[in-house]
$ cat my_file_30.cif   # mmCIF, C-alpha atoms and all ligand atoms
data_input
loop_
_atom_site.label_atom_id
_atom_site.label_comp_id
_atom_site.auth_asym_id
_atom_site.auth_seq_id
_atom_site.Cartn_x
_atom_site.Cartn_y
_atom_site.Cartn_z
CA MET A 917 -38.50 -76.58 -23.61
CA PRO A 918 -41.43 -76.54 -21.14
CA GLY A 919 -44.88 -76.16 -22.71
CA THR A 920 -43.68 -77.41 -26.08
CA LYS A 921 -46.20 -79.77 -27.63
CA VAL A 922 -44.40 -80.84 -30.80
CA ALA A 923 -41.13 -82.75 -30.98
CA ILE A 924 -39.20 -82.93 -34.22
CA ILE A 925 -37.00 -86.01 -34.08
CA ILE A 926 -34.37 -86.46 -36.78
CA GLY A 927 -32.24 -89.52 -37.46
CA SER A 928 -29.05 -87.54 -38.06
CA ASP A 929 -27.75 -83.98 -38.07
CA SER A 930 -27.48 -84.42 -41.85
CA ASP A 931 -31.33 -84.38 -41.91
CA TRP A 932 -31.52 -80.89 -40.40
CA PRO A 933 -31.08 -78.77 -43.57
CA VAL A 934 -34.37 -80.26 -44.83
CA MET A 935 -36.19 -80.50 -41.50
CA GLU A 936 -35.43 -76.88 -40.63
CA ALA A 937 -38.38 -76.12 -42.93
CA CYS A 938 -40.64 -78.01 -40.51
CA ARG A 939 -39.51 -75.87 -37.56
CA GLU A 940 -39.85 -72.67 -39.60
CA GLN A 941 -43.40 -73.58 -40.60
CA LEU A 942 -44.35 -74.43 -37.01
CA LEU A 943 -42.91 -71.15 -35.73
CA GLU A 944 -44.75 -69.24 -38.48
CA LEU A 945 -47.97 -70.75 -37.15
CA GLY A 946 -47.02 -69.86 -33.57
CA VAL A 947 -46.14 -73.41 -32.46
CA ASP A 948 -42.91 -73.96 -30.50
CA CYS A 949 -41.08 -77.24 -30.87
CA ASP A 950 -38.22 -79.30 -29.47
CA VAL A 951 -35.68 -80.79 -31.85
CA GLU A 952 -33.62 -83.89 -31.06
CA ILE A 953 -31.36 -86.26 -32.93
CA MET A 954 -31.82 -89.96 -32.25
CA SER A 955 -31.72 -93.03 -34.42
CA ALA A 956 -33.71 -96.26 -34.34
CA HIS A 957 -30.63 -98.08 -35.57
CA ARG A 958 -27.71 -96.18 -34.00
CA THR A 959 -29.22 -95.11 -30.65
CA PRO A 960 -32.16 -97.47 -30.06
CA GLU A 961 -32.06 -97.02 -26.26
CA LYS A 962 -32.40 -93.26 -26.63
CA VAL A 963 -35.44 -93.72 -28.86
CA HIS A 964 -37.05 -96.02 -26.27
CA GLU A 965 -36.22 -93.62 -23.43
CA PHE A 966 -37.69 -90.67 -25.35
CA ALA A 967 -40.87 -92.60 -26.17
CA ARG A 968 -41.28 -93.63 -22.51
CA THR A 969 -41.12 -89.98 -21.38
CA VAL A 970 -43.16 -88.34 -24.14
CA ARG A 971 -46.17 -87.69 -21.89
CA GLU A 972 -44.20 -86.19 -19.00
CA ARG A 973 -42.45 -83.94 -21.53
CA GLY A 974 -45.89 -82.65 -22.60
CA ILE A 975 -45.36 -83.76 -26.20
CA GLU A 976 -48.67 -84.22 -28.04
CA VAL A 977 -47.47 -84.75 -31.61
CA ILE A 978 -44.19 -86.26 -32.81
CA VAL A 979 -42.68 -85.50 -36.20
CA ALA A 980 -40.04 -88.11 -37.04
CA ALA A 981 -37.78 -87.74 -40.07
CA ALA A 982 -35.17 -90.12 -41.41
CA GLY A 983 -33.63 -91.36 -44.61
CA LEU A 984 -32.52 -94.74 -45.99
CA ALA A 985 -34.12 -97.76 -44.17
CA ALA A 986 -36.05 -95.26 -42.04
CA ALA A 987 -37.29 -97.04 -38.90
CA LEU A 988 -37.47 -93.96 -36.64
CA ALA A 989 -41.11 -92.95 -37.13
CA GLY A 990 -42.35 -96.55 -36.97
CA THR A 991 -40.39 -97.33 -33.82
CA LEU A 992 -41.77 -94.25 -32.08
CA ALA A 993 -45.28 -95.14 -33.25
CA ALA A 994 -44.80 -98.61 -31.77
CA LEU A 995 -43.79 -97.19 -28.40
CA THR A 996 -46.32 -94.39 -27.83
CA THR A 997 -49.98 -93.61 -28.45
CA ARG A 998 -49.17 -90.01 -29.41
CA PRO A 999 -49.70 -89.37 -33.14
CA VAL A 1000 -46.51 -89.78 -35.16
CA ILE A 1001 -46.02 -87.95 -38.44
CA GLY A 1002 -43.26 -89.49 -40.55
CA VAL A 1003 -41.15 -87.53 -43.02
CA PRO A 1004 -39.15 -89.70 -45.44
CA LEU A 1005 -35.92 -88.03 -46.52
CA ASP A 1006 -33.93 -88.22 -49.73
CA THR A 1007 -30.50 -89.09 -48.35
CA GLY A 1008 -29.38 -92.02 -50.48
CA PRO A 1009 -29.09 -93.45 -53.96
CA LEU A 1010 -32.81 -94.36 -54.04
CA ARG A 1011 -33.78 -90.66 -53.69
CA GLY A 1012 -36.00 -91.19 -50.64
CA VAL A 1013 -38.19 -93.96 -52.05
CA ASP A 1014 -36.51 -96.37 -49.60
CA ALA A 1015 -37.38 -94.08 -46.67
CA LEU A 1016 -40.91 -93.49 -48.01
CA LEU A 1017 -41.70 -97.20 -48.12
CA SER A 1018 -40.02 -97.88 -44.76
CA THR A 1019 -42.06 -95.09 -43.16
CA VAL A 1020 -45.44 -95.58 -44.79
CA GLN A 1021 -45.74 -99.38 -44.92
CA MET A 1022 -46.59 -99.92 -41.27
CA PRO A 1023 -48.45 -103.01 -40.10
CA PRO A 1024 -52.11 -102.58 -39.09
CA GLY A 1025 -52.47 -101.12 -35.61
CA VAL A 1026 -49.31 -98.99 -35.73
CA PRO A 1027 -50.01 -96.00 -37.98
CA VAL A 1028 -47.49 -93.41 -39.08
CA ALA A 1029 -49.08 -90.43 -40.83
CA THR A 1030 -46.58 -90.29 -43.65
CA VAL A 1031 -46.08 -87.13 -45.68
CA GLY A 1032 -44.16 -86.65 -48.92
CA ILE A 1033 -40.39 -86.98 -49.38
CA GLY A 1034 -38.19 -84.04 -48.44
CA LYS A 1035 -38.89 -80.35 -47.91
CA ALA A 1036 -42.55 -80.38 -49.01
CA GLY A 1037 -43.12 -83.22 -46.56
CA ALA A 1038 -41.27 -81.33 -43.83
CA ARG A 1039 -43.59 -78.34 -44.26
CA ASN A 1040 -46.69 -80.52 -44.48
CA ALA A 1041 -45.68 -82.33 -41.29
CA ALA A 1042 -45.68 -78.97 -39.51
CA VAL A 1043 -49.10 -78.00 -40.88
CA LEU A 1044 -50.56 -81.40 -40.00
CA ALA A 1045 -49.11 -81.26 -36.48
CA ALA A 1046 -50.64 -77.79 -36.04
CA GLN A 1047 -54.00 -79.02 -37.35
CA ILE A 1048 -53.99 -81.82 -34.76
CA LEU A 1049 -53.18 -79.38 -31.94
CA ALA A 1050 -55.79 -76.90 -33.27
CA LEU A 1051 -58.59 -79.39 -32.51
CA HIS A 1052 -58.36 -78.04 -28.94
CA ASP A 1053 -56.79 -74.64 -29.58
CA PRO A 1054 -59.00 -71.94 -31.16
CA VAL A 1055 -56.11 -69.44 -31.45
CA LEU A 1056 -54.07 -71.93 -33.45
CA ASP A 1057 -57.15 -72.80 -35.51
CA GLU A 1058 -57.45 -69.10 -36.43
CA ALA A 1059 -53.73 -68.99 -37.34
CA LEU A 1060 -54.28 -71.98 -39.67
CA LYS A 1061 -57.25 -70.29 -41.35
CA LYS A 1062 -55.13 -67.17 -41.90
CA PHE A 1063 -52.33 -69.35 -43.30
CA LYS A 1064 -54.75 -70.92 -45.81
CA ARG A 1065 -56.14 -67.50 -46.83
CA LYS A 1066 -52.62 -66.16 -47.37
CA GLN A 1067 -51.73 -69.21 -49.47
CA ALA A 1068 -54.81 -68.72 -51.65
CA GLU A 1069 -54.04 -64.98 -52.05
CA THR A 1070 -50.50 -65.81 -53.20
CA VAL A 1071 -51.87 -68.12 -55.91
CA ASP A 1072 -54.41 -65.45 -56.98
CA LYS A 1073 -51.64 -62.85 -57.30
CA LYS A 1074 -49.49 -65.23 -59.33
CA ASN A 1075 -52.47 -66.03 -61.55
CA GLN A 1076 -53.14 -62.34 -62.13
CA ALA A 1077 -49.47 -61.65 -62.92
CA LEU A 1078 -49.38 -64.55 -65.40
CA ARG A 1079 -52.58 -63.37 -67.14
CA GLU A 1080 -51.19 -59.83 -67.43
CA ARG A 1081 -47.95 -61.16 -68.97
CA LEU A 1082 -49.93 -63.25 -71.47
CA THR A 1083 -52.21 -60.31 -72.40
CA ARG A 1084 -49.19 -58.09 -73.04
CA GLY A 1085 -47.88 -60.85 -75.33
C1 LIG B 1101 -30.58 -92.09 -41.51
O1 LIG B 1101 -29.44 -92.26 -42.26
C2 LIG B 1101 -30.59 -90.64 -41.15
O2 LIG B 1101 -31.91 -90.21 -40.87
C3 LIG B 1101 -30.04 -89.97 -42.38
O3 LIG B 1101 -31.07 -89.57 -43.26
C4 LIG B 1101 -29.22 -91.09 -43.03
C5 LIG B 1101 -27.76 -90.79 -43.13
O4 LIG B 1101 -27.24 -90.45 -41.86
P1 LIG B 1101 -25.75 -89.90 -41.68
O5 LIG B 1101 -24.84 -90.98 -42.14
O6 LIG B 1101 -25.63 -88.65 -42.53
O7 LIG B 1101 -25.60 -89.59 -40.21
O8 LIG B 1101 -30.56 -92.90 -40.36
#
$ encode --input "my_file_30.cif" --output "structure tokens"
Amino acid sequence: MPGTKVAIIIGSDSDWPVMEACREQLLELGVDCDVEIMSAHRTPEKVHEFARTVRERGIEVIVAAAGLAAALAGTLAALTTRPVIGVPLDTGPLRGVDALLSTVQMPPGVPVATVGIGKAGARNAAVLAAQILALHDPVLDEALKKFKRKQAETVDKKNQALRERLTRG
């Protein structure tokens, strides 16, 4: 999609039910994104080709999500200087801890900004990507401030509702 600055890369279509939350959060903030399936292990050439063309595609931030021995985010980080946000996914018997360690434990010089396992991580990846883009986008910065205010208001309302329930006994 022309003009899209964020790419969400997933290791398999089986990752999409979780990573859909990342797209939803980006769209809520007014950020369009591309989504593609590629795998560091199953389609390594495709990963290399994508990384080589990231700049001409206009991609500024990459969100890469995978489960098991997750090499996707690290491979992309090795091949481009664009920031890579890694989302470890819970798709195996180790409940995502395997993917977390594979994504976060990068050697010095090749960072992957790793968020938490699963859906919370997927949403946080979107917010972090938007925050990076907002450094040079005042409209997006305003959308992020509004998002934070709305989040705080939701907690306040829940707090008030809880206190009322407790007062009533
Ligand atoms: C990883 O292996 C993918 O990111 C996915 O989380 C996991 C399982 O993939 P499928 O066998 O469901 O395609 O590479």
$ axis_aligned_box --input "my_file_30.cif" --around "segment 990-995 of chain A" --padding-each-side "3 Å" --output "JSON"
{"center_x": -42.8, "center_y": -96.4, "center_z": -32.7, "size_x": 10.9, "size_y": 10.4, "size_z": 14.6}
$ residues_near_ligand --input "my_file_30.cif" --ligand "ligand LIG 1101 (chain B)" --cutoff "9 Å" --atoms "only C-alpha atoms and all ligand atoms" --output "JSON, numbers by chain"
{"A": [926, 927, 928, 929, 930, 931, 953, 954, 955, 956, 957, 958, 981, 982, 983, 984, 985, 986, 987, 988, 1004, 1005, 1006, 1007, 1008, 1015]}
$ residues_around --input "my_file_30.cif" --residues "segment 964-972 of chain A" --least-positions-apart "3" --cutoff "6 Å" --atoms "all atoms listed in the file" --output "PDB file with C-alpha atoms, in the frame of the given file"
ATOM      1  CA  GLU A 961     -32.060 -97.020 -26.260  1.00  0.00           C
ATOM      2  CA  ILE A 975     -45.360 -83.760 -26.200  1.00  0.00           C
ATOM      3  CA  LEU A 995     -43.790 -97.190 -28.400  1.00  0.00           C
ATOM      4  CA  THR A 996     -46.320 -94.390 -27.830  1.00  0.00           C
TER       5      THR A 996
END
$ residues_around --input "my_file_30.cif" --residues "segment 1056-1071 of chain A" --least-positions-apart "2" --cutoff "8 Å" --atoms "only C-alpha atoms" --output "VMD selection string"
chain A and resid 945 to 946 1046 to 1047 1049 to 1051 1053 to 1054 1073 to 1075
$ atom_distance --input "my_file_30.cif" --atom1 "atom CA of Val1020 of chain A" --atom2 "atom CA of Ala923 of chain A"
19.3 Å
$ decode --input "my_file_30.cif" --residues "segment 1024-1040 of chain A" --atoms "all heavy atoms" --output "short mmCIF file (atom, residue, chain, number, x, y, z; two decimals), in the first residue's frame"
data_model
loop_
_atom_site.label_atom_id
_atom_site.label_comp_id
_atom_site.auth_asym_id
_atom_site.auth_seq_id
_atom_site.Cartn_x
_atom_site.Cartn_y
_atom_site.Cartn_z
N PRO A 1024 24.93 -7.72 20.79
CA PRO A 1024 25.11 -6.26 20.78
C PRO A 1024 25.31 -5.75 19.35
O PRO A 1024 26.04 -6.35 18.57
CB PRO A 1024 26.36 -6.02 21.62
CG PRO A 1024 26.81 -7.33 22.13
CD PRO A 1024 25.91 -8.40 21.62
N GLY A 1025 24.62 -4.65 19.05
CA GLY A 1025 24.73 -4.07 17.71
C GLY A 1025 23.54 -4.39 16.81
O GLY A 1025 23.40 -3.79 15.74
N VAL A 1026 22.70 -5.34 17.24
CA VAL A 1026 21.55 -5.72 16.42
C VAL A 1026 20.29 -5.76 17.30
O VAL A 1026 19.78 -6.83 17.63
CB VAL A 1026 21.76 -7.09 15.74
CG1 VAL A 1026 20.71 -7.33 14.65
CG2 VAL A 1026 23.15 -7.20 15.14
N PRO A 1027 19.79 -4.57 17.68
CA PRO A 1027 18.67 -4.58 18.63
C PRO A 1027 17.33 -4.95 18.00
O PRO A 1027 17.04 -4.59 16.87
CB PRO A 1027 18.62 -3.12 19.11
CG PRO A 1027 19.18 -2.32 17.98
CD PRO A 1027 20.22 -3.20 17.33
N VAL A 1028 16.54 -5.67 18.78
CA VAL A 1028 15.11 -5.85 18.47
C VAL A 1028 14.35 -5.34 19.70
O VAL A 1028 14.58 -5.81 20.81
CB VAL A 1028 14.77 -7.34 18.22
CG1 VAL A 1028 13.24 -7.52 18.17
CG2 VAL A 1028 15.40 -7.84 16.93
N ALA A 1029 13.50 -4.35 19.48
CA ALA A 1029 12.70 -3.81 20.60
C ALA A 1029 11.60 -4.82 20.89
O ALA A 1029 10.58 -4.86 20.21
CB ALA A 1029 12.12 -2.46 20.21
N THR A 1030 11.85 -5.65 21.88
CA THR A 1030 10.95 -6.79 22.11
C THR A 1030 9.86 -6.44 23.12
O THR A 1030 10.14 -5.93 24.21
CB THR A 1030 11.77 -8.00 22.63
OG1 THR A 1030 12.83 -8.24 21.70
CG2 THR A 1030 10.91 -9.23 22.76
N VAL A 1031 8.62 -6.71 22.73
CA VAL A 1031 7.49 -6.47 23.63
C VAL A 1031 7.06 -7.81 24.23
O VAL A 1031 7.68 -8.84 23.97
CB VAL A 1031 6.32 -5.79 22.86
CG1 VAL A 1031 6.69 -4.38 22.44
CG2 VAL A 1031 5.90 -6.61 21.65
N GLY A 1032 6.00 -7.77 25.03
CA GLY A 1032 5.57 -8.98 25.75
C GLY A 1032 4.98 -10.04 24.81
O GLY A 1032 4.68 -9.78 23.64
N ILE A 1033 4.79 -11.23 25.38
CA ILE A 1033 4.26 -12.36 24.60
C ILE A 1033 2.77 -12.16 24.30
O ILE A 1033 2.00 -11.79 25.19
CB ILE A 1033 4.43 -13.68 25.40
CG1 ILE A 1033 5.91 -13.97 25.68
CG2 ILE A 1033 3.79 -14.86 24.67
CD1 ILE A 1033 6.15 -15.07 26.71
N GLY A 1034 2.39 -12.40 23.05
CA GLY A 1034 0.97 -12.48 22.71
C GLY A 1034 0.27 -11.16 22.46
O GLY A 1034 0.87 -10.19 22.01
N LYS A 1035 -1.04 -11.15 22.78
CA LYS A 1035 -1.91 -10.04 22.37
C LYS A 1035 -1.51 -8.70 22.99
O LYS A 1035 -1.57 -7.65 22.33
CB LYS A 1035 -3.36 -10.37 22.70
CG LYS A 1035 -4.32 -9.72 21.73
CD LYS A 1035 -5.68 -10.38 21.71
CE LYS A 1035 -5.91 -11.10 20.41
NZ LYS A 1035 -7.25 -11.61 20.19
N ALA A 1036 -1.10 -8.71 24.27
CA ALA A 1036 -0.67 -7.45 24.90
C ALA A 1036 0.55 -6.91 24.15
O ALA A 1036 0.66 -5.70 23.89
CB ALA A 1036 -0.34 -7.67 26.38
N GLY A 1037 1.45 -7.81 23.80
CA GLY A 1037 2.64 -7.41 23.03
C GLY A 1037 2.26 -6.88 21.65
O GLY A 1037 2.84 -5.92 21.16
N ALA A 1038 1.27 -7.53 21.03
CA ALA A 1038 0.82 -7.10 19.70
C ALA A 1038 0.31 -5.65 19.77
O ALA A 1038 0.63 -4.82 18.91
CB ALA A 1038 -0.28 -8.03 19.20
N ARG A 1039 -0.48 -5.36 20.79
CA ARG A 1039 -1.01 -3.99 20.95
C ARG A 1039 0.13 -3.00 21.27
O ARG A 1039 0.18 -1.90 20.74
CB ARG A 1039 -2.06 -3.94 22.06
CG ARG A 1039 -3.38 -4.49 21.61
CD ARG A 1039 -4.56 -3.88 22.36
NE ARG A 1039 -5.79 -4.34 21.72
CZ ARG A 1039 -6.43 -3.71 20.75
NH1 ARG A 1039 -6.00 -2.55 20.32
NH2 ARG A 1039 -7.51 -4.21 20.21
N ASN A 1040 1.02 -3.43 22.16
CA ASN A 1040 2.12 -2.53 22.53
C ASN A 1040 3.06 -2.26 21.35
O ASN A 1040 3.61 -1.17 21.22
CB ASN A 1040 2.91 -3.11 23.70
CG ASN A 1040 2.26 -2.78 25.02
OD1 ASN A 1040 1.40 -1.91 25.09
ND2 ASN A 1040 2.66 -3.46 26.08
#
